[in-house]
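Source file target09.cif; content: mmCIF, C-alpha atoms.
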```cif
data_model
loop_
_atom_site.group_PDB
_atom_site.id
_atom_site.type_symbol
_atom_site.label_atom_id
_atom_site.label_comp_id
_atom_site.auth_asym_id
_atom_site.auth_seq_id
_atom_site.Cartn_x
_atom_site.Cartn_y
_atom_site.Cartn_z
ATOM 1 C CA MET A 1 109.885 -157.177 -28.658
ATOM 2 C CA ALA A 2 106.529 -156.668 -26.944
ATOM 3 C CA GLU A 3 105.039 -159.326 -24.705
ATOM 4 C CA GLN A 4 103.758 -162.108 -26.949
ATOM 5 C CA ASP A 5 100.687 -164.273 -26.915
ATOM 6 C CA PRO A 6 102.084 -167.732 -25.957
ATOM 7 C CA SER A 7 100.261 -169.433 -28.835
ATOM 8 C CA ALA A 8 101.414 -166.936 -31.474
ATOM 9 C CA VAL A 9 104.734 -168.631 -32.313
ATOM 10 C CA ALA A 10 103.075 -171.872 -33.395
ATOM 11 C CA ARG A 11 99.937 -170.331 -34.870
ATOM 12 C CA PHE A 12 101.066 -167.125 -36.569
ATOM 13 C CA MET A 13 98.565 -166.393 -39.350
ATOM 14 C CA ASP A 14 96.639 -169.628 -38.855
ATOM 15 C CA LEU A 15 93.486 -168.194 -40.426
ATOM 16 C CA THR A 16 91.210 -170.678 -38.707
ATOM 17 C CA ASP A 17 92.021 -168.707 -35.549
ATOM 18 C CA PRO A 18 89.481 -165.829 -35.410
ATOM 19 C CA ARG A 19 92.133 -163.348 -34.260
ATOM 20 C CA TYR A 20 94.455 -164.030 -37.191
ATOM 21 C CA ALA A 21 91.573 -164.158 -39.688
ATOM 22 C CA TYR A 22 90.545 -160.681 -38.537
ATOM 23 C CA MET A 23 94.130 -159.418 -38.533
ATOM 24 C CA PHE A 24 94.720 -160.764 -42.045
ATOM 25 C CA GLY A 25 91.526 -159.186 -43.408
ATOM 26 C CA PHE A 26 92.435 -155.842 -41.874
ATOM 27 C CA LEU A 27 96.029 -155.918 -43.150
ATOM 28 C CA GLN A 28 94.954 -157.097 -46.572
ATOM 29 C CA ALA A 29 92.585 -154.145 -46.913
ATOM 30 C CA ASP A 30 94.496 -151.381 -45.111
ATOM 31 C CA GLY A 31 98.086 -152.589 -44.750
ATOM 32 C CA HIS A 32 101.019 -152.252 -47.129
ATOM 33 C CA LEU A 33 103.657 -154.850 -47.948
ATOM 34 C CA SER A 34 106.816 -153.380 -49.482
ATOM 35 C CA GLN A 35 109.906 -155.062 -50.902
ATOM 36 C CA GLN A 36 113.412 -153.712 -51.430
ATOM 37 C CA SER A 37 116.800 -155.038 -52.505
ATOM 38 C CA ARG A 38 118.684 -157.722 -50.541
ATOM 39 C CA GLN A 39 115.414 -159.309 -49.376
ATOM 40 C CA ARG A 40 114.508 -156.305 -47.275
ATOM 41 C CA GLY A 41 110.973 -155.075 -46.875
ATOM 42 C CA CYS A 42 108.215 -154.186 -44.448
ATOM 43 C CA LEU A 43 104.615 -154.992 -43.610
ATOM 44 C CA ALA A 44 103.014 -151.875 -42.150
ATOM 45 C CA VAL A 45 99.682 -150.303 -41.331
ATOM 46 C CA GLU A 46 99.108 -146.720 -40.187
ATOM 47 C CA LEU A 47 95.973 -145.671 -38.300
ATOM 48 C CA ASN A 48 94.639 -142.691 -36.431
ATOM 49 C CA ALA A 49 96.301 -142.682 -33.025
ATOM 50 C CA ARG A 50 92.917 -143.211 -31.374
ATOM 51 C CA ASP A 51 93.042 -146.790 -32.759
ATOM 52 C CA ILE A 52 96.496 -147.600 -31.409
ATOM 53 C CA ASP A 53 95.095 -150.361 -29.172
ATOM 54 C CA LEU A 54 94.439 -152.452 -32.270
ATOM 55 C CA LEU A 55 98.074 -152.100 -33.333
ATOM 56 C CA HIS A 56 99.184 -153.283 -29.904
ATOM 57 C CA ALA A 57 96.913 -156.316 -30.355
ATOM 58 C CA PHE A 58 98.611 -157.054 -33.695
ATOM 59 C CA GLN A 59 102.000 -156.718 -32.023
ATOM 60 C CA ARG A 60 101.051 -159.192 -29.291
ATOM 61 C CA LEU A 61 99.850 -161.684 -31.901
ATOM 62 C CA THR A 62 103.084 -161.449 -33.890
ATOM 63 C CA PRO A 63 106.000 -163.645 -32.775
ATOM 64 C CA TYR A 64 108.550 -161.462 -34.607
ATOM 65 C CA ASN A 65 110.123 -158.130 -33.716
ATOM 66 C CA SER A 66 107.784 -155.292 -34.647
ATOM 67 C CA SER A 67 107.479 -151.660 -33.669
ATOM 68 C CA ILE A 68 104.793 -149.051 -33.125
ATOM 69 C CA THR A 69 105.633 -145.408 -33.714
ATOM 70 C CA GLU A 70 103.551 -142.245 -33.536
ATOM 71 C CA ARG A 71 103.751 -139.007 -35.471
ATOM 72 C CA SER A 72 101.860 -135.764 -36.034
ATOM 73 C CA ARG A 73 101.683 -134.095 -39.426
ATOM 74 C CA ALA A 74 99.557 -131.805 -41.572
ATOM 75 C CA THR A 75 97.240 -133.476 -44.092
ATOM 76 C CA ASN A 76 94.700 -132.407 -46.696
ATOM 77 C CA PHE A 77 91.982 -132.968 -44.095
ATOM 78 C CA ALA A 78 93.471 -131.476 -40.921
ATOM 79 C CA ALA A 79 96.134 -128.995 -39.865
ATOM 80 C CA GLU A 80 97.522 -131.643 -37.525
ATOM 81 C CA SER A 81 96.869 -135.380 -37.742
ATOM 82 C CA HIS A 82 98.148 -137.739 -35.039
ATOM 83 C CA SER A 83 98.738 -141.260 -36.323
ATOM 84 C CA ALA A 84 100.267 -144.534 -35.154
ATOM 85 C CA LYS A 85 102.127 -146.999 -37.361
ATOM 86 C CA TRP A 86 102.865 -150.694 -36.798
ATOM 87 C CA SER A 87 105.852 -152.036 -38.746
ATOM 88 C CA LEU A 88 107.055 -155.621 -39.201
ATOM 89 C CA TYR A 89 110.320 -156.282 -41.044
ATOM 90 C CA SER A 90 110.831 -160.041 -40.624
ATOM 91 C CA GLN A 91 111.434 -161.745 -43.977
ATOM 92 C CA GLU A 92 109.818 -164.946 -42.701
ATOM 93 C CA ALA A 93 106.673 -163.124 -41.566
ATOM 94 C CA ARG A 94 106.449 -161.226 -44.853
ATOM 95 C CA ALA A 95 106.737 -164.469 -46.795
ATOM 96 C CA ILE A 96 103.867 -165.984 -44.795
ATOM 97 C CA VAL A 97 101.419 -163.130 -45.368
ATOM 98 C CA ASN A 98 102.457 -162.811 -49.002
ATOM 99 C CA GLU A 99 101.767 -166.502 -49.592
ATOM 100 C CA LEU A 100 98.349 -166.135 -47.950
ATOM 101 C CA GLY A 101 97.328 -163.287 -50.237
ATOM 102 C CA ILE A 102 98.816 -159.900 -49.368
ATOM 103 C CA PRO A 103 100.737 -158.829 -52.507
ATOM 104 C CA TYR A 104 103.780 -156.611 -52.542
ATOM 105 C CA GLY A 105 103.130 -153.038 -53.680
ATOM 106 C CA ARG A 106 99.801 -151.729 -54.977
ATOM 107 C CA LYS A 107 97.096 -154.238 -54.227
ATOM 108 C CA SER A 108 93.655 -152.634 -53.942
ATOM 109 C CA LYS A 109 92.236 -154.282 -57.081
ATOM 110 C CA ILE A 110 93.875 -157.696 -56.819
ATOM 111 C CA ILE A 111 93.368 -158.784 -53.214
ATOM 112 C CA ALA A 112 90.982 -161.696 -52.686
ATOM 113 C CA PRO A 113 89.718 -163.891 -49.835
ATOM 114 C CA PRO A 114 92.240 -166.535 -48.726
ATOM 115 C CA ARG A 115 92.373 -169.839 -50.585
ATOM 116 C CA VAL A 116 92.963 -171.765 -47.358
ATOM 117 C CA ASP A 117 90.505 -172.501 -44.564
ATOM 118 C CA PHE A 118 89.713 -169.348 -42.613
ATOM 119 C CA SER A 119 87.269 -167.955 -40.077
ATOM 120 C CA ARG A 120 84.861 -166.236 -42.427
ATOM 121 C CA ARG A 121 83.060 -163.721 -40.255
ATOM 122 C CA ASP A 122 86.283 -162.600 -38.591
ATOM 123 C CA TYR A 123 87.960 -162.073 -41.965
ATOM 124 C CA VAL A 124 84.950 -160.072 -43.188
ATOM 125 C CA ARG A 125 84.951 -157.979 -40.008
ATOM 126 C CA GLY A 126 88.629 -157.193 -40.547
ATOM 127 C CA VAL A 127 87.904 -155.940 -44.064
ATOM 128 C CA ILE A 128 84.946 -153.872 -42.831
ATOM 129 C CA ASP A 129 87.000 -152.345 -40.001
ATOM 130 C CA ALA A 130 89.700 -151.366 -42.489
ATOM 131 C CA ASP A 131 87.654 -150.131 -45.457
ATOM 132 C CA GLY A 132 84.059 -150.001 -44.283
ATOM 133 C CA SER A 133 81.690 -148.090 -42.046
ATOM 134 C CA VAL A 134 78.983 -148.993 -39.557
ATOM 135 C CA GLY A 135 76.551 -146.741 -37.737
ATOM 136 C CA TYR A 136 73.526 -144.564 -38.453
ATOM 137 C CA THR A 137 72.768 -142.415 -41.487
ATOM 138 C CA GLY A 138 71.964 -138.730 -41.131
ATOM 139 C CA LYS A 139 68.274 -139.669 -41.077
ATOM 140 C CA GLY A 140 68.790 -142.139 -38.242
ATOM 141 C CA PHE A 141 68.734 -145.417 -40.185
ATOM 142 C CA PRO A 142 71.280 -148.172 -39.422
ATOM 143 C CA PHE A 143 73.818 -148.994 -42.107
ATOM 144 C CA LEU A 144 76.900 -151.106 -42.781
ATOM 145 C CA SER A 145 78.994 -150.470 -45.870
ATOM 146 C CA LEU A 146 82.228 -151.384 -47.613
ATOM 147 C CA THR A 147 84.222 -149.440 -50.182
ATOM 148 C CA THR A 148 86.673 -151.598 -52.114
ATOM 149 C CA ALA A 149 88.417 -151.684 -55.476
ATOM 150 C CA SER A 150 88.639 -155.492 -55.387
ATOM 151 C CA THR A 151 86.000 -157.402 -57.338
ATOM 152 C CA ALA A 152 86.788 -160.589 -55.426
ATOM 153 C CA VAL A 153 86.406 -158.978 -51.988
ATOM 154 C CA GLY A 154 83.251 -157.098 -52.982
ATOM 155 C CA ALA A 155 81.636 -160.222 -54.425
ATOM 156 C CA TYR A 156 82.594 -162.241 -51.351
ATOM 157 C CA LEU A 157 80.940 -159.752 -49.005
ATOM 158 C CA CYS A 158 77.751 -159.860 -51.098
ATOM 159 C CA HIS A 159 77.754 -163.665 -51.037
ATOM 160 C CA TYR A 160 78.457 -163.850 -47.319
ATOM 161 C CA ALA A 161 75.937 -161.165 -46.360
ATOM 162 C CA LYS A 162 73.235 -162.918 -48.372
ATOM 163 C CA GLU A 163 73.850 -166.090 -46.361
ATOM 164 C CA VAL A 164 73.558 -164.156 -43.096
ATOM 165 C CA THR A 165 70.756 -161.695 -43.868
ATOM 166 C CA GLY A 166 69.071 -162.843 -47.076
ATOM 167 C CA ALA A 167 69.721 -159.409 -48.611
ATOM 168 C CA GLU A 168 71.030 -159.611 -52.154
ATOM 169 C CA ARG A 169 73.395 -157.079 -53.670
ATOM 170 C CA THR A 170 74.859 -156.813 -57.182
ATOM 171 C CA ILE A 171 78.215 -155.048 -57.276
ATOM 172 C CA LYS A 172 78.997 -152.396 -59.855
ATOM 173 C CA ARG A 173 81.992 -150.071 -60.014
ATOM 174 C CA ASN A 174 81.351 -146.421 -59.256
ATOM 175 C CA ALA A 175 81.690 -144.457 -62.500
ATOM 176 C CA ARG A 176 83.525 -141.614 -60.749
ATOM 177 C CA ASP A 177 86.422 -143.484 -59.123
ATOM 178 C CA GLY A 178 86.064 -147.105 -60.221
ATOM 179 C CA VAL A 179 85.433 -148.609 -56.782
ATOM 180 C CA TYR A 180 82.564 -150.661 -55.393
ATOM 181 C CA ASN A 181 80.313 -149.096 -52.770
ATOM 182 C CA ILE A 182 78.334 -151.892 -51.106
ATOM 183 C CA LEU A 183 75.640 -150.788 -48.685
ATOM 184 C CA TYR A 184 73.283 -152.553 -46.270
ATOM 185 C CA THR A 185 70.639 -150.634 -44.368
ATOM 186 C CA ASN A 186 67.933 -151.212 -41.775
ATOM 187 C CA GLU A 187 67.257 -154.877 -40.817
ATOM 188 C CA PRO A 188 70.032 -156.363 -43.006
ATOM 189 C CA ALA A 189 72.539 -153.891 -41.528
ATOM 190 C CA VAL A 190 71.423 -154.718 -37.974
ATOM 191 C CA ALA A 191 71.625 -158.475 -38.607
ATOM 192 C CA LEU A 192 75.018 -158.304 -40.329
ATOM 193 C CA ALA A 193 76.548 -156.013 -37.690
ATOM 194 C CA SER A 194 75.284 -158.259 -34.885
ATOM 195 C CA HIS A 195 76.745 -161.307 -36.612
ATOM 196 C CA LEU A 196 80.154 -159.786 -37.348
ATOM 197 C CA TYR A 197 80.735 -157.885 -34.097
ATOM 198 C CA TYR A 198 80.119 -160.555 -31.489
ATOM 199 C CA GLU A 199 81.070 -160.337 -27.819
ATOM 200 C CA GLY A 200 84.786 -160.721 -27.203
ATOM 201 C CA CYS A 201 85.831 -160.360 -30.848
ATOM 202 C CA LEU A 202 88.955 -158.496 -31.932
ATOM 203 C CA ALA A 203 87.868 -155.244 -33.578
ATOM 204 C CA LEU A 204 88.267 -151.489 -33.654
ATOM 205 C CA GLU A 205 86.530 -150.467 -30.441
ATOM 206 C CA ARG A 206 84.755 -147.479 -31.984
ATOM 207 C CA LYS A 207 83.235 -149.624 -34.744
ATOM 208 C CA LYS A 208 82.394 -152.368 -32.285
ATOM 209 C CA THR A 209 80.532 -149.779 -30.204
ATOM 210 C CA SER A 210 78.721 -148.465 -33.281
ATOM 211 C CA ALA A 211 77.732 -151.995 -34.302
ATOM 212 C CA ALA A 212 76.356 -152.693 -30.831
ATOM 213 C CA SER A 213 74.256 -149.523 -30.964
ATOM 214 C CA LEU A 214 72.422 -150.803 -34.055
ATOM 215 C CA SER A 215 70.790 -153.574 -32.036
ATOM 216 C CA THR A 216 68.485 -151.034 -30.363
ATOM 217 C CA TRP A 217 66.981 -149.861 -33.667
ATOM 218 C CA ILE A 218 63.298 -150.593 -34.228
ATOM 219 C CA ARG A 219 61.627 -149.921 -37.556
ATOM 220 C CA PRO A 220 59.124 -147.044 -37.219
ATOM 221 C CA ALA A 221 55.525 -148.211 -37.512
ATOM 222 C CA ASP A 222 54.882 -145.905 -40.472
ATOM 223 C CA MET A 223 58.013 -146.923 -42.369
ATOM 224 C CA PRO A 224 57.103 -149.186 -45.330
ATOM 225 C CA ARG A 225 59.092 -152.312 -46.098
ATOM 226 C CA MET A 226 60.538 -152.724 -49.554
ATOM 227 C CA THR A 227 59.617 -155.953 -51.305
ATOM 228 C CA PRO A 228 62.778 -157.901 -52.229
ATOM 229 C CA ARG A 229 63.506 -157.782 -55.937
ATOM 230 C CA ARG A 230 62.490 -160.950 -57.742
ATOM 231 C CA ARG A 231 65.229 -161.877 -60.184
ATOM 232 C CA TRP A 232 64.561 -163.399 -63.581
ATOM 233 C CA THR A 233 65.505 -167.046 -64.005
ATOM 234 C CA VAL A 234 66.690 -168.698 -67.216
ATOM 235 C CA ALA A 235 63.433 -170.673 -67.387
ATOM 236 C CA GLU A 236 61.393 -167.457 -67.110
ATOM 237 C CA ASP A 237 63.467 -165.762 -69.807
ATOM 238 C CA LEU A 238 62.933 -168.684 -72.162
ATOM 239 C CA LYS A 239 59.188 -168.750 -71.485
ATOM 240 C CA LEU A 240 58.966 -164.975 -72.008
ATOM 241 C CA LEU A 241 60.710 -165.250 -75.391
ATOM 242 C CA GLU A 242 58.522 -168.196 -76.343
ATOM 243 C CA ILE A 243 55.305 -166.294 -75.581
ATOM 244 C CA GLY A 244 56.610 -163.052 -77.066
ATOM 245 C CA ASP A 245 53.793 -160.930 -75.637
ATOM 246 C CA ALA A 246 54.173 -158.991 -72.392
ATOM 247 C CA ALA A 247 50.488 -159.133 -71.368
ATOM 248 C CA ALA A 248 50.167 -162.878 -71.912
ATOM 249 C CA ALA A 249 53.535 -163.565 -70.276
ATOM 250 C CA ALA A 250 52.535 -161.539 -67.205
ATOM 251 C CA VAL A 251 49.650 -163.936 -66.569
ATOM 252 C CA GLU A 252 51.753 -167.015 -67.253
ATOM 253 C CA LEU A 253 54.709 -165.934 -65.103
ATOM 254 C CA SER A 254 52.785 -164.118 -62.338
ATOM 255 C CA ARG A 255 54.655 -160.890 -63.060
ATOM 256 C CA THR A 256 53.617 -157.366 -63.965
ATOM 257 C CA GLU A 257 52.995 -156.523 -67.602
ATOM 258 C CA SER A 258 55.437 -153.600 -67.450
ATOM 259 C CA GLY A 259 58.113 -155.846 -65.964
ATOM 260 C CA CYS A 260 57.644 -158.417 -68.719
ATOM 261 C CA ARG A 261 57.727 -155.704 -71.388
ATOM 262 C CA GLN A 262 60.975 -154.252 -70.055
ATOM 263 C CA ARG A 263 62.604 -157.665 -69.766
ATOM 264 C CA LEU A 264 61.494 -158.694 -73.242
ATOM 265 C CA THR A 265 62.956 -155.484 -74.688
ATOM 266 C CA ARG A 266 66.260 -156.058 -72.896
ATOM 267 C CA LEU A 267 66.512 -159.612 -74.186
ATOM 268 C CA ARG A 268 65.628 -158.688 -77.754
ATOM 269 C CA THR A 269 68.002 -155.714 -77.919
ATOM 270 C CA GLY A 270 70.905 -157.505 -76.282
ATOM 271 C CA CYS A 271 70.942 -155.248 -73.197
ATOM 272 C CA GLY A 272 70.606 -158.255 -70.932
ATOM 273 C CA PRO A 273 72.318 -161.667 -70.948
ATOM 274 C CA TRP A 274 70.764 -164.138 -73.393
ATOM 275 C CA PRO A 275 69.288 -167.135 -71.562
ATOM 276 C CA ARG A 276 70.876 -170.554 -71.988
ATOM 277 C CA ASP A 277 69.325 -173.968 -71.554
#
```
Written form, structure tokens:
Amino acid sequence: MAEQDPSAVARFMDLTDPRYAYMFGFLQADGHLSQQSRQRGCLAVELNARDIDLLHAFQRLTPYNSSITERSRATNFAAESHSAKWSLYSQEARAIVNELGIPYGRKSKIIAPPRVDFSRRDYVRGVIDADGSVGYTGKGFPFLSLTTASTAVGAYLCHYAKEVTGAERTIKRNARDGVYNILYTNEPAVALASHLYYEGCLALERKKTSAASLSTWIRPADMPRMTPRRRWTVAEDLKLLEIGDAAAAAVELSRTESGCRQRLTRLRTGCGPWPRD
């Protein structure tokens, strides 16, 4: 067994500890928990060998026997891929992470944020490190994104990011592969990356470096700012239906006539949710 963090035995997967919250988020998104006969099984995560330092950090935080192995193999993306795999077989450890919310077997659509107290930004960073990206677009604009099949995880990121940055996102599954692609760019991306990847945090070093690089971005003087979308409230919907005329409603609600016309059509044709008192 590798050298252990002295506090790990008593605090293993205490999600109020930032290190374990991050580790849990990462394993929940990118790990795999398997179960076999006679109570056998394994919690494992396999990464590119360049990220092996993170696996060693997981090993130090785990007060149970675990192993790290490396292998090279051909994949669909490269003639030779060098990867590292961390494996944990302890039944007690598997029971703990399973109880906290890492299911056995296929899990991409059913994982959800923990139902116990947890360090929120560290959990979110773990999910982003596992299934997200951070850096600059091809045109040089900062971005932070997450691709997930889980409605609960996608909605939680949107809720959390709105608290941090004020940017609002509505999740919708991609028609091609049924996953959610959640994207933040420019100032919201810079603010969210700065918040998640703080000094001294446990993270993939390459993503931590990318997040730090976003802090130097300055909006070009000739780059226009998009006005945040103003969402319709129930009271506005009811007033719009009461007036029944887009031009008159635009004056009453301080909105554009075209916006009122489109909203009125959606409400009348059932394309949008019907307002409730």
Using Å and a single decimal, report how far CA of Pro188 (chain A) sits from CA of Met23 (chain A).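 Straight-line distance from CA of Met23 (chain A) to CA of Pro188 (chain A) works out to 24.7 Å.
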Applied to this file, what does the PyMOL selection byres ((chain A and resi 122) around 12) return in terms of residues, put as a VMD selection string? chain A and resid 15 to 26 113 118 to 121 123 to 129 160 193 195 to 198 200 to 203
Could you tell me, as JSON, numbers by chain, exactly which residues end up selected when the PyMOL selection byres ((chain A and resi 176-179) around 6) is applied to this structure? {"A": [148, 149, 173, 174, 175, 180]}
Could you tell me which residues the PyMOL selection byres ((chain A and resi 63-71) around 12) grabs in this file, written as an MDAnalysis selection string? chainID A and resid 1:13 42:62 72:74 80:94
Put those residues in a file: C-alpha atoms, as a PDB file, keeping the file's coordinate frame.
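Final file, part-v9.pdb:
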```pdb
ATOM      1  CA  MET A   1     109.885-157.177 -28.658  1.00  0.00           C
ATOM      2  CA  ALA A   2     106.529-156.668 -26.944  1.00  0.00           C
ATOM      3  CA  GLU A   3     105.039-159.326 -24.705  1.00  0.00           C
ATOM      4  CA  GLN A   4     103.758-162.108 -26.949  1.00  0.00           C
ATOM      5  CA  ASP A   5     100.687-164.273 -26.915  1.00  0.00           C
ATOM      6  CA  PRO A   6     102.084-167.732 -25.957  1.00  0.00           C
ATOM      7  CA  SER A   7     100.261-169.433 -28.835  1.00  0.00           C
ATOM      8  CA  ALA A   8     101.414-166.936 -31.474  1.00  0.00           C
ATOM      9  CA  VAL A   9     104.734-168.631 -32.313  1.00  0.00           C
ATOM     10  CA  ALA A  10     103.075-171.872 -33.395  1.00  0.00           C
ATOM     11  CA  ARG A  11      99.937-170.331 -34.870  1.00  0.00           C
ATOM     12  CA  PHE A  12     101.066-167.125 -36.569  1.00  0.00           C
ATOM     13  CA  MET A  13      98.565-166.393 -39.350  1.00  0.00           C
ATOM     14  CA  CYS A  42     108.215-154.186 -44.448  1.00  0.00           C
ATOM     15  CA  LEU A  43     104.615-154.992 -43.610  1.00  0.00           C
ATOM     16  CA  ALA A  44     103.014-151.875 -42.150  1.00  0.00           C
ATOM     17  CA  VAL A  45      99.682-150.303 -41.331  1.00  0.00           C
ATOM     18  CA  GLU A  46      99.108-146.720 -40.187  1.00  0.00           C
ATOM     19  CA  LEU A  47      95.973-145.671 -38.300  1.00  0.00           C
ATOM     20  CA  ASN A  48      94.639-142.691 -36.431  1.00  0.00           C
ATOM     21  CA  ALA A  49      96.301-142.682 -33.025  1.00  0.00           C
ATOM     22  CA  ARG A  50      92.917-143.211 -31.374  1.00  0.00           C
ATOM     23  CA  ASP A  51      93.042-146.790 -32.759  1.00  0.00           C
ATOM     24  CA  ILE A  52      96.496-147.600 -31.409  1.00  0.00           C
ATOM     25  CA  ASP A  53      95.095-150.361 -29.172  1.00  0.00           C
ATOM     26  CA  LEU A  54      94.439-152.452 -32.270  1.00  0.00           C
ATOM     27  CA  LEU A  55      98.074-152.100 -33.333  1.00  0.00           C
ATOM     28  CA  HIS A  56      99.184-153.283 -29.904  1.00  0.00           C
ATOM     29  CA  ALA A  57      96.913-156.316 -30.355  1.00  0.00           C
ATOM     30  CA  PHE A  58      98.611-157.054 -33.695  1.00  0.00           C
ATOM     31  CA  GLN A  59     102.000-156.718 -32.023  1.00  0.00           C
ATOM     32  CA  ARG A  60     101.051-159.192 -29.291  1.00  0.00           C
ATOM     33  CA  LEU A  61      99.850-161.684 -31.901  1.00  0.00           C
ATOM     34  CA  THR A  62     103.084-161.449 -33.890  1.00  0.00           C
ATOM     35  CA  SER A  72     101.860-135.764 -36.034  1.00  0.00           C
ATOM     36  CA  ARG A  73     101.683-134.095 -39.426  1.00  0.00           C
ATOM     37  CA  ALA A  74      99.557-131.805 -41.572  1.00  0.00           C
ATOM     38  CA  GLU A  80      97.522-131.643 -37.525  1.00  0.00           C
ATOM     39  CA  SER A  81      96.869-135.380 -37.742  1.00  0.00           C
ATOM     40  CA  HIS A  82      98.148-137.739 -35.039  1.00  0.00           C
ATOM     41  CA  SER A  83      98.738-141.260 -36.323  1.00  0.00           C
ATOM     42  CA  ALA A  84     100.267-144.534 -35.154  1.00  0.00           C
ATOM     43  CA  LYS A  85     102.127-146.999 -37.361  1.00  0.00           C
ATOM     44  CA  TRP A  86     102.865-150.694 -36.798  1.00  0.00           C
ATOM     45  CA  SER A  87     105.852-152.036 -38.746  1.00  0.00           C
ATOM     46  CA  LEU A  88     107.055-155.621 -39.201  1.00  0.00           C
ATOM     47  CA  TYR A  89     110.320-156.282 -41.044  1.00  0.00           C
ATOM     48  CA  SER A  90     110.831-160.041 -40.624  1.00  0.00           C
ATOM     49  CA  GLN A  91     111.434-161.745 -43.977  1.00  0.00           C
ATOM     50  CA  GLU A  92     109.818-164.946 -42.701  1.00  0.00           C
ATOM     51  CA  ALA A  93     106.673-163.124 -41.566  1.00  0.00           C
ATOM     52  CA  ARG A  94     106.449-161.226 -44.853  1.00  0.00           C
TER      53      ARG A  94
END
```
Between A:Lys207, A:Arg268, A:Arg263, A:Arg106, single out the one closest to Ala130 (chain A), counting all atoms listed in the file. A:Lys207
Please report the interatomic distance between CA of Ser258 (chain A) and CA of His159 (chain A) in Å with one decimal.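 Value for the CA of Ser258 (chain A)-CA of His159 (chain A) distance: 29.5 Å.
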One decimal, Å: what's the distance from CA of Glu242 (chain A) over to CA of Leu267 (chain A), could you say?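 Separation between CA of Glu242 (chain A) and CA of Leu267 (chain A): 11.9 Å.
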Residue nearest Leu240 (chain A) among A:Thr216, A:Asn181, A:Thr265, A:Thr137 (counting all atoms listed in the file):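 Of the candidates, the smallest distance to Leu240 (chain A) is held by A:Thr265.
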Excluding Lys107 (chain A) and its own-chain neighbours fewer than 6 positions away, which residues fall within 12 Å of it when counting only C-alpha atoms? Please give them as a PyMOL selection string. chain A and resi 27-34+98+101+148-151+153
Around (68.6, -155.4, -56.5) in the file's frame, which residues reach within 9 Å when counting all atoms listed in the file? Return as a VMD selection string? chain A and resid 167 to 170 228 to 231
Got time to write the residues from that selection, C-alpha atoms, as a PDB file, in the frame of the given file?
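As a result, result.pdb now contains:
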```
ATOM      1  CA  ALA A 167      69.721-159.409 -48.611  1.00  0.00           C
ATOM      2  CA  GLU A 168      71.030-159.611 -52.154  1.00  0.00           C
ATOM      3  CA  ARG A 169      73.395-157.079 -53.670  1.00  0.00           C
ATOM      4  CA  THR A 170      74.859-156.813 -57.182  1.00  0.00           C
ATOM      5  CA  PRO A 228      62.778-157.901 -52.229  1.00  0.00           C
ATOM      6  CA  ARG A 229      63.506-157.782 -55.937  1.00  0.00           C
ATOM      7  CA  ARG A 230      62.490-160.950 -57.742  1.00  0.00           C
ATOM      8  CA  ARG A 231      65.229-161.877 -60.184  1.00  0.00           C
TER       9      ARG A 231
END
```
Best match for closeness to Arg219 (chain A) among A:Val190, A:Ala155, A:Val97, A:Ala235, counting only C-alpha atoms: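 Closest to Arg219 (chain A) of all the choices is A:Val190.
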